[in-house]
Amino acid sequence: MLILTRKKDEQIIISSNISITILEISNDKVKIGIDAPKDVKIFRSELFEDTKQTNIESSSISIEAIETLKKKLKKK
Amino acid sequence: MKISTTRFGDIEVEDSKKIIFPDGILGFENLKEYILIRSNDSSVFYWLQSIENSNIAIACMDPLNVCDNYSPVIDEDSIKELDIKQPEKVLVLCVVVIPKDIMKTTVNLAAPIIINTTNNRAKQIVLQDDVYSLRHFVFKQNEVV
């Protein structure tokens, strides 16, 4: 892994068409701005793990649970 | 063909009704074939029942029922993969999670399931935009029903 140290407002360029800017550093958070072509997909990596988790949780729901949910929604 | 399911018993499935997820679904990458079962005729709830594993049925709902102006942006690659030519023929569903406390039921608006009903090819799309919650509450919290 390539490791670089950057300060606020400094940038990293990846293969000439992607630029990453450090916008803000505060305590344990870093705000990052990314400029990239439209076809480059950028995700927070935990989205995949969390979606996998919700899919797995959803797959064990019973018919009864959905029926109960329907009734509660009608009362809403 | 006849398939057996844990929840719905044996069901007869026409080949033309099979929904194919070429990449599977996150968490179930090996399962590619599903059928869509609507909870009842006018229900906003659906099940994606795996044809390959009788135990697996993913509970989904029409997201417009919980988020009025839900309009996820489908990326160009997915449009190509699913061969989407008529956007109005796309069915968008979101995965439901019901915890022990049913009032804390959530819907994953951050990763909708997109079904092209013209060819029954489907995909779960993890959205790049940050606008939708992965665990969007169905009920207003602190609401008493």
# chains A, B, ... in the order shown; residues from 1 in each chain; ligands from 1

$ closest_atom_pairs --of "chain A" --to "chain B" --cutoff "10 Å" --atoms "only C-alpha atoms" --output "tab-separated table"
residue	atom	partner	partner_atom	distance
A:Lys38	CA	B:Asp75	CA	9.2
A:Asp39	CA	B:Glu76	CA	7.8
A:Lys41	CA	B:Gln128	CA	7.2
A:Ile42	CA	B:Gln128	CA	6.4
A:Phe43	CA	B:Gln128	CA	5.7
A:Arg44	CA	B:Gln128	CA	8.3
A:Leu47	CA	B:Val126	CA	7.4
A:Phe48	CA	B:Val126	CA	7.2
A:Glu49	CA	B:Leu26	CA	8.3
A:Asp50	CA	B:Leu134	CA	7.7
A:Thr51	CA	B:Ala111	CA	6.8
A:Lys52	CA	B:Leu26	CA	4.8
A:Gln53	CA	B:Gly27	CA	7.2
A:Thr54	CA	B:Val97	CA	6.4
A:Asn55	CA	B:Gly27	CA	6.6
A:Ile56	CA	B:Gly27	CA	6.2
A:Glu57	CA	B:Val97	CA	6.2
A:Ser58	CA	B:Val97	CA	4.9
A:Ser59	CA	B:Ile58	CA	4.3
A:Ser60	CA	B:Ile56	CA	7.0
A:Ile61	CA	B:Ala59	CA	6.9
A:Ser62	CA	B:Arg7	CA	7.5
A:Ile63	CA	B:Arg7	CA	7.0
A:Ala65	CA	B:Ile98	CA	7.4
A:Ile66	CA	B:Phe45	CA	7.9
A:Glu67	CA	B:Ser39	CA	8.7
A:Thr68	CA	B:Ile102	CA	8.3
A:Leu69	CA	B:Ile102	CA	6.9
A:Lys70	CA	B:Phe45	CA	8.5
A:Lys72	CA	B:Val145	CA	6.9
A:Leu73	CA	B:Phe139	CA	8.0
A:Lys74	CA	B:Val145	CA	9.8
A:Lys75	CA	B:Val145	CA	6.7
A:Lys76	CA	B:Val145	CA	6.6

$ select_by_dssp --residues "segment 10-107 of chain B" --states "strand (DSSP E or B)" --output "PyMOL selection string"
chain B and resi 10-12+19-20+25+28+33-38+45-50+57-61+90-97+106-107

$ atom_distance --atom1 "atom CA of Ala122 of chain B" --atom2 "atom CA of Phe137 of chain B"
24.9 Å

$ select_by_dssp --residues "segment 38-131 of chain B" --states "helix (DSSP H, G or I)" --output "list of chain:residue names"
B:Pro63, B:Leu64, B:Asn65, B:Glu76, B:Asp77, B:Ser78, B:Ile79, B:Lys80, B:Glu81, B:Pro87, B:Glu88, B:Lys89, B:Ile102, B:Met103, B:Lys104

$ write_last_selection --atoms "N, CA, C and O atoms" --output "tab-separated table (two decimals), in the first residue's frame"
chain	number	residue	atom	x	y	z
B	63	PRO	N	-40.76	1.12	-2.06
B	63	PRO	CA	-40.19	2.20	-1.25
B	63	PRO	C	-41.04	3.46	-1.24
B	63	PRO	O	-40.98	4.25	-0.29
B	64	LEU	N	-41.86	3.65	-2.28
B	64	LEU	CA	-42.67	4.87	-2.35
B	64	LEU	C	-43.67	4.94	-1.20
B	64	LEU	O	-44.17	5.99	-0.85
B	65	ASN	N	-43.92	3.79	-0.62
B	65	ASN	CA	-44.82	3.74	0.52
B	65	ASN	C	-44.25	4.36	1.78
B	65	ASN	O	-44.98	4.76	2.69
B	76	GLU	N	-25.14	4.07	-15.26
B	76	GLU	CA	-25.13	3.64	-16.67
B	76	GLU	C	-24.78	2.16	-16.83
B	76	GLU	O	-25.37	1.45	-17.64
B	77	ASP	N	-23.80	1.68	-16.04
B	77	ASP	CA	-23.39	0.28	-16.15
B	77	ASP	C	-24.56	-0.66	-15.84
B	77	ASP	O	-24.75	-1.66	-16.53
B	78	SER	N	-25.31	-0.32	-14.81
B	78	SER	CA	-26.44	-1.18	-14.44
B	78	SER	C	-27.52	-1.14	-15.51
B	78	SER	O	-28.15	-2.16	-15.80
B	79	ILE	N	-27.73	0.04	-16.09
B	79	ILE	CA	-28.72	0.16	-17.17
B	79	ILE	C	-28.33	-0.76	-18.32
B	79	ILE	O	-29.17	-1.47	-18.88
B	80	LYS	N	-27.04	-0.80	-18.62
B	80	LYS	CA	-26.55	-1.68	-19.69
B	80	LYS	C	-26.68	-3.15	-19.29
B	80	LYS	O	-27.16	-3.98	-20.05
B	81	GLU	N	-26.22	-3.45	-18.06
B	81	GLU	CA	-26.25	-4.85	-17.59
B	81	GLU	C	-27.66	-5.43	-17.63
B	81	GLU	O	-27.86	-6.59	-17.98
B	87	PRO	N	-37.69	2.79	-18.88
B	87	PRO	CA	-37.59	3.01	-17.44
B	87	PRO	C	-38.90	2.72	-16.70
B	87	PRO	O	-38.88	2.30	-15.55
B	88	GLU	N	-40.03	2.91	-17.40
B	88	GLU	CA	-41.32	2.68	-16.72
B	88	GLU	C	-41.59	1.20	-16.48
B	88	GLU	O	-42.49	0.83	-15.73
B	89	LYS	N	-40.78	0.33	-17.10
B	89	LYS	CA	-40.96	-1.11	-16.90
B	89	LYS	C	-40.03	-1.65	-15.81
B	89	LYS	O	-39.86	-2.86	-15.67
B	102	ILE	N	-41.08	-4.54	16.42
B	102	ILE	CA	-41.55	-4.31	15.05
B	102	ILE	C	-41.62	-2.83	14.70
B	102	ILE	O	-41.53	-2.43	13.53
B	103	MET	N	-41.77	-1.98	15.72
B	103	MET	CA	-41.83	-0.54	15.48
B	103	MET	C	-40.49	0.02	15.01
B	103	MET	O	-40.39	1.17	14.61
B	104	LYS	N	-39.48	-0.82	15.11
B	104	LYS	CA	-38.16	-0.39	14.63
B	104	LYS	C	-37.83	-0.98	13.25
B	104	LYS	O	-36.67	-1.02	12.84

$ residues_around --residues "Gln11 of chain A" --least-positions-apart "2" --cutoff "8 Å" --atoms "only C-alpha atoms" --output "list in words"
Arg6, Asp9, Ile13, Ser19, Ile20, Thr21 and Ile22 of chain A

$ write_last_selection --atoms "N, CA, C and O atoms" --output "PDB file, in the first residue's frame"
ATOM      1  N   ARG A   6      -0.801  14.065   3.873  1.00  0.00           N
ATOM      2  CA  ARG A   6      -1.342  15.267   3.260  1.00  0.00           C
ATOM      3  C   ARG A   6      -1.848  16.228   4.329  1.00  0.00           C
ATOM      4  O   ARG A   6      -2.274  15.815   5.403  1.00  0.00           O
ATOM      5  N   ASP A   9      -6.359  21.004   2.440  1.00  0.00           N
ATOM      6  CA  ASP A   9      -6.349  21.633   1.115  1.00  0.00           C
ATOM      7  C   ASP A   9      -5.332  21.037   0.141  1.00  0.00           C
ATOM      8  O   ASP A   9      -5.259  21.467  -1.011  1.00  0.00           O
ATOM      9  N   ILE A  13      -3.492  13.142  -6.881  1.00  0.00           N
ATOM     10  CA  ILE A  13      -4.019  12.883  -8.221  1.00  0.00           C
ATOM     11  C   ILE A  13      -3.786  11.405  -8.541  1.00  0.00           C
ATOM     12  O   ILE A  13      -2.699  10.874  -8.328  1.00  0.00           O
ATOM     13  N   SER A  19      -8.962  13.402  -8.823  1.00  0.00           N
ATOM     14  CA  SER A  19      -8.254  14.165  -7.800  1.00  0.00           C
ATOM     15  C   SER A  19      -8.999  14.089  -6.469  1.00  0.00           C
ATOM     16  O   SER A  19     -10.227  14.134  -6.413  1.00  0.00           O
ATOM     17  N   ILE A  20      -8.207  13.923  -5.443  1.00  0.00           N
ATOM     18  CA  ILE A  20      -8.754  13.792  -4.097  1.00  0.00           C
ATOM     19  C   ILE A  20      -8.215  14.952  -3.270  1.00  0.00           C
ATOM     20  O   ILE A  20      -7.002  15.185  -3.242  1.00  0.00           O
ATOM     21  N   THR A  21      -9.118  15.705  -2.641  1.00  0.00           N
ATOM     22  CA  THR A  21      -8.708  16.865  -1.859  1.00  0.00           C
ATOM     23  C   THR A  21      -9.085  16.668  -0.394  1.00  0.00           C
ATOM     24  O   THR A  21     -10.208  16.243  -0.102  1.00  0.00           O
ATOM     25  N   ILE A  22      -8.154  16.955   0.483  1.00  0.00           N
ATOM     26  CA  ILE A  22      -8.451  16.926   1.919  1.00  0.00           C
ATOM     27  C   ILE A  22      -9.101  18.263   2.262  1.00  0.00           C
ATOM     28  O   ILE A  22      -8.456  19.313   2.204  1.00  0.00           O
TER      29      ILE A  22
END

$ atom_distance --atom1 "atom CA of Ile19 of chain B" --atom2 "atom CA of Ile74 of chain B"
18.6 Å

$ atom_distance --atom1 "atom CA of Lys31 of chain A" --atom2 "atom CA of Ile14 of chain A"
18.0 Å

$ residues_around --residues "Leu91 of chain B" --least-positions-apart "2" --cutoff "7 Å" --atoms "only C-alpha atoms" --output "PyMOL selection string"
chain B and resi 89+93+114-117

$ closest_residue --among "A:Glu10, A:Leu4, A:Val40, A:Ser45" --to "Ile25 of chain A" --atoms "only C-alpha atoms"
A:Glu10
